[in-house]
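Report on the following structure.
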Number of protein chains: 2
Amino acid sequence: MKVKDVCKWISLKPAAVSPETPIEKVIEKVVEDPTTRSVYVVANGKLMGVIPISHLMRITAFKFSGILPEHDELKKHIKSISANTAADVMLPPLQVHLEDALEDALKLMIDNNVQELPIVDNAGNIIGDLNSLEILMGFWEMKKDGV
Amino acid sequence: MKVKDVCKWISLKPAAVSPETPIEKVIEKVVEDPTTRSVYVVANGKLMGVIPISHLMRITAFKFSGILPEHDELKKHIKSISANTAADVMLPPLQVHLEDALEDALKLMIDNNVQELPIVDNAGNIIGDLNSLEILMGFWEMKKDGV
């Protein structure tokens, strides 16, 4: 099964922000729509980075309580935490293509602790969105009729 | 700030299942409502365990592809993976109390990679729900009016 086989099953509207967006505004975006799992940082239609909610929580814990989890991805980005924009805290732009195997997308999500991935074309433009629920449905064979 | 100060800000309806529920039905529950972040396993009003979506994804990766991430919580539960019910795959019942510090709830979520926690009273009965968005709002001072 491929990404293209399931990526239209559940339409979530991923939040997108520009690199200059203040972190407070990024959080406002995810709070506005509780189905959001990741914020995409986009400039001129190109994906620059992603900010999963789990990452926002680690940033919050570090900023307000100085908590830095062991073995955490955050350590790689720690120098940027004192800064204040989406670009300062985003993770590298994880992404999938329509023709990717669903298994690879699942592994990418687990390894990076995210539940939503942008789908990009060969030019790097965002053309869709794959979420964890679609992957679960695909593997557990909960096909939607008429898709 | 305490759990009770923010836990009514965003009403998500956490999914609850009985311990005997087949895994397929658990996944149907989370797919039904894309705001769901965790499934609570409940018997007679008492919390027996939790199944975060991130855990369902790791179970799926193991079941269908034999993928077992390094350093993963799943390893502790691996003997139960061949079984088929909510009770077989649930994690220990993470929970918070109304009087707990919000900082402790945030740390608990990060350490266990979950984004939703049941609130229980001293008798262990579920009386509410705390989600990651409420915690973000609390720390970043996005207070809701009239709460």
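Residues in the structure tokens are named by chain (A, B, ... in the order shown) and by number from 1 within that chain; ligands are numbered from 1 in the order shown.
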Chain A in the frame of chain B after Cα least-squares fit, as an mmCIF file with C-alpha atoms, in the first residue's frame:
```
data_model
loop_
_atom_site.group_PDB
_atom_site.id
_atom_site.type_symbol
_atom_site.label_atom_id
_atom_site.label_comp_id
_atom_site.auth_asym_id
_atom_site.auth_seq_id
_atom_site.Cartn_x
_atom_site.Cartn_y
_atom_site.Cartn_z
ATOM 1 C CA MET A 1 -0.787 26.828 37.879
ATOM 2 C CA LYS A 2 -2.674 23.609 38.506
ATOM 3 C CA VAL A 3 -4.478 21.034 36.408
ATOM 4 C CA LYS A 4 -7.836 22.371 37.614
ATOM 5 C CA ASP A 5 -7.027 25.845 36.253
ATOM 6 C CA VAL A 6 -6.935 24.760 32.597
ATOM 7 C CA CYS A 7 -8.694 21.392 32.257
ATOM 8 C CA LYS A 8 -12.009 22.886 31.133
ATOM 9 C CA TRP A 9 -10.573 25.151 28.419
ATOM 10 C CA ILE A 10 -10.853 22.741 25.514
ATOM 11 C CA SER A 11 -13.449 19.999 25.702
ATOM 12 C CA LEU A 12 -12.245 16.982 23.816
ATOM 13 C CA LYS A 13 -14.209 13.830 24.307
ATOM 14 C CA PRO A 14 -11.725 11.134 25.213
ATOM 15 C CA ALA A 15 -12.494 7.717 23.801
ATOM 16 C CA ALA A 16 -13.142 5.014 26.372
ATOM 17 C CA VAL A 17 -13.261 1.264 25.815
ATOM 18 C CA SER A 18 -13.592 -1.824 27.983
ATOM 19 C CA PRO A 19 -10.578 -4.105 28.551
ATOM 20 C CA GLU A 20 -12.077 -6.793 26.280
ATOM 21 C CA THR A 21 -12.436 -4.483 23.260
ATOM 22 C CA PRO A 22 -10.626 -5.870 20.176
ATOM 23 C CA ILE A 23 -7.760 -3.694 18.888
ATOM 24 C CA GLU A 24 -9.613 -3.125 15.607
ATOM 25 C CA LYS A 25 -12.467 -1.538 17.542
ATOM 26 C CA VAL A 26 -10.028 0.626 19.499
ATOM 27 C CA ILE A 27 -8.682 1.963 16.202
ATOM 28 C CA GLU A 28 -12.211 2.542 14.920
ATOM 29 C CA LYS A 29 -12.773 4.711 18.008
ATOM 30 C CA VAL A 30 -9.783 6.960 17.364
ATOM 31 C CA VAL A 31 -10.584 7.257 13.675
ATOM 32 C CA GLU A 32 -14.171 8.287 14.451
ATOM 33 C CA ASP A 33 -12.999 11.443 16.209
ATOM 34 C CA PRO A 34 -9.743 12.958 14.901
ATOM 35 C CA THR A 35 -9.353 15.112 18.027
ATOM 36 C CA THR A 36 -8.718 11.959 20.089
ATOM 37 C CA ARG A 37 -5.186 11.620 21.405
ATOM 38 C CA SER A 38 -5.573 8.655 23.738
ATOM 39 C CA VAL A 39 -8.005 5.849 24.412
ATOM 40 C CA TYR A 40 -8.808 5.138 28.052
ATOM 41 C CA VAL A 41 -9.403 1.549 29.076
ATOM 42 C CA VAL A 42 -12.081 1.609 31.746
ATOM 43 C CA ALA A 43 -13.856 -1.051 33.807
ATOM 44 C CA ASN A 44 -16.629 -0.110 36.245
ATOM 45 C CA GLY A 45 -15.657 3.564 36.026
ATOM 46 C CA LYS A 46 -12.074 2.785 37.056
ATOM 47 C CA LEU A 47 -9.125 3.526 34.794
ATOM 48 C CA MET A 48 -7.242 0.332 33.939
ATOM 49 C CA GLY A 49 -4.837 1.678 31.306
ATOM 50 C CA VAL A 50 -4.300 4.070 28.407
ATOM 51 C CA ILE A 51 -3.593 3.537 24.718
ATOM 52 C CA PRO A 52 -2.129 6.660 23.076
ATOM 53 C CA ILE A 53 -2.292 6.889 19.281
ATOM 54 C CA SER A 54 1.505 6.874 19.176
ATOM 55 C CA HIS A 55 1.365 3.472 20.890
ATOM 56 C CA LEU A 56 -1.211 2.165 18.404
ATOM 57 C CA MET A 57 1.194 3.150 15.630
ATOM 58 C CA ARG A 58 4.076 1.242 17.196
ATOM 59 C CA ILE A 59 1.844 -1.791 17.685
ATOM 60 C CA THR A 60 0.799 -1.544 14.033
ATOM 61 C CA ALA A 61 4.412 -1.292 12.863
ATOM 62 C CA PHE A 62 5.340 -4.353 14.898
ATOM 63 C CA LYS A 63 2.308 -6.416 13.915
ATOM 64 C CA PHE A 64 2.429 -5.767 10.178
ATOM 65 C CA SER A 65 6.125 -5.119 9.560
ATOM 66 C CA GLY A 66 8.001 -6.530 12.539
ATOM 67 C CA ILE A 67 9.418 -3.067 13.236
ATOM 68 C CA LEU A 68 10.476 -2.604 16.846
ATOM 69 C CA PRO A 69 11.977 0.820 17.577
ATOM 70 C CA GLU A 70 15.111 1.051 19.719
ATOM 71 C CA HIS A 71 14.722 2.126 23.348
ATOM 72 C CA ASP A 72 10.998 1.763 23.048
ATOM 73 C CA GLU A 73 8.340 1.399 25.691
ATOM 74 C CA LEU A 74 6.846 -1.274 23.467
ATOM 75 C CA LYS A 75 9.632 -3.679 24.404
ATOM 76 C CA LYS A 76 8.277 -3.868 27.933
ATOM 77 C CA HIS A 77 4.931 -4.949 26.547
ATOM 78 C CA ILE A 78 6.074 -7.119 23.714
ATOM 79 C CA LYS A 79 4.687 -10.352 25.108
ATOM 80 C CA SER A 80 1.215 -8.969 24.874
ATOM 81 C CA ILE A 81 1.414 -7.952 21.230
ATOM 82 C CA SER A 82 0.283 -11.328 19.950
ATOM 83 C CA ALA A 83 -2.943 -10.851 21.832
ATOM 84 C CA ASN A 84 -5.867 -8.918 20.520
ATOM 85 C CA THR A 85 -7.683 -6.796 23.075
ATOM 86 C CA ALA A 86 -7.329 -3.349 24.629
ATOM 87 C CA ALA A 87 -6.156 -4.979 27.867
ATOM 88 C CA ASP A 88 -3.368 -6.753 25.983
ATOM 89 C CA VAL A 89 -1.817 -3.587 24.600
ATOM 90 C CA MET A 90 -2.678 -0.854 27.097
ATOM 91 C CA LEU A 91 0.010 1.040 28.971
ATOM 92 C CA PRO A 92 -0.158 1.539 32.735
ATOM 93 C CA PRO A 93 -2.852 4.032 33.756
ATOM 94 C CA LEU A 94 -1.084 7.397 33.646
ATOM 95 C CA GLN A 95 -3.252 9.943 35.367
ATOM 96 C CA VAL A 96 -3.328 13.349 37.061
ATOM 97 C CA HIS A 97 -5.337 14.932 39.852
ATOM 98 C CA LEU A 98 -7.059 18.331 39.833
ATOM 99 C CA GLU A 99 -4.587 19.698 42.390
ATOM 100 C CA ASP A 100 -1.456 18.550 40.538
ATOM 101 C CA ALA A 101 0.927 21.225 39.267
ATOM 102 C CA LEU A 102 0.587 21.822 35.536
ATOM 103 C CA GLU A 103 4.339 21.478 35.250
ATOM 104 C CA ASP A 104 4.155 17.911 36.570
ATOM 105 C CA ALA A 105 1.413 17.058 34.088
ATOM 106 C CA LEU A 106 3.525 18.475 31.241
ATOM 107 C CA LYS A 107 6.525 16.418 32.340
ATOM 108 C CA LEU A 108 4.379 13.269 32.604
ATOM 109 C CA MET A 109 3.113 13.785 29.043
ATOM 110 C CA ILE A 110 6.580 14.366 27.611
ATOM 111 C CA ASP A 111 8.181 11.438 29.435
ATOM 112 C CA ASN A 112 5.462 9.062 28.272
ATOM 113 C CA ASN A 113 4.899 10.523 24.843
ATOM 114 C CA VAL A 114 1.171 11.129 25.330
ATOM 115 C CA GLN A 115 -0.953 14.214 24.693
ATOM 116 C CA GLU A 116 -3.965 13.497 26.825
ATOM 117 C CA LEU A 117 -4.297 12.403 30.447
ATOM 118 C CA PRO A 118 -7.329 11.361 32.458
ATOM 119 C CA ILE A 119 -8.039 13.285 35.655
ATOM 120 C CA VAL A 120 -9.048 11.007 38.519
ATOM 121 C CA ASP A 121 -10.348 11.602 42.030
ATOM 122 C CA ASN A 122 -8.852 9.988 45.106
ATOM 123 C CA ALA A 123 -10.990 6.893 44.617
ATOM 124 C CA GLY A 124 -9.528 6.418 41.111
ATOM 125 C CA ASN A 125 -12.710 7.390 39.267
ATOM 126 C CA ILE A 126 -12.268 9.390 36.061
ATOM 127 C CA ILE A 127 -13.642 12.900 36.562
ATOM 128 C CA GLY A 128 -12.107 14.765 33.652
ATOM 129 C CA ASP A 129 -9.529 15.046 30.939
ATOM 130 C CA LEU A 130 -6.412 17.157 30.403
ATOM 131 C CA ASN A 131 -4.958 17.601 26.924
ATOM 132 C CA SER A 132 -1.731 18.999 25.546
ATOM 133 C CA LEU A 133 -3.451 22.063 24.072
ATOM 134 C CA GLU A 134 -4.721 23.147 27.479
ATOM 135 C CA ILE A 135 -1.212 22.823 28.885
ATOM 136 C CA LEU A 136 0.258 24.917 26.054
ATOM 137 C CA MET A 137 -2.412 27.577 26.597
ATOM 138 C CA GLY A 138 -1.729 27.634 30.322
ATOM 139 C CA PHE A 139 2.012 28.129 30.034
ATOM 140 C CA TRP A 140 1.804 30.617 27.172
ATOM 141 C CA GLU A 141 -0.908 32.544 29.015
ATOM 142 C CA MET A 142 -3.646 32.236 26.428
ATOM 143 C CA LYS A 143 -6.391 32.424 28.970
ATOM 144 C CA LYS A 144 -9.929 31.873 27.882
ATOM 145 C CA ASP A 145 -12.358 34.533 29.014
ATOM 146 C CA GLY A 146 -15.047 33.543 31.426
ATOM 147 C CA VAL A 147 -13.295 30.458 32.735
#
```
Where does DSSP see strand (DSSP E) in chain A, if you list the residues as a PyMOL selection string?
chain A and resi 15-17+38-43+46-52+116-120+126-131
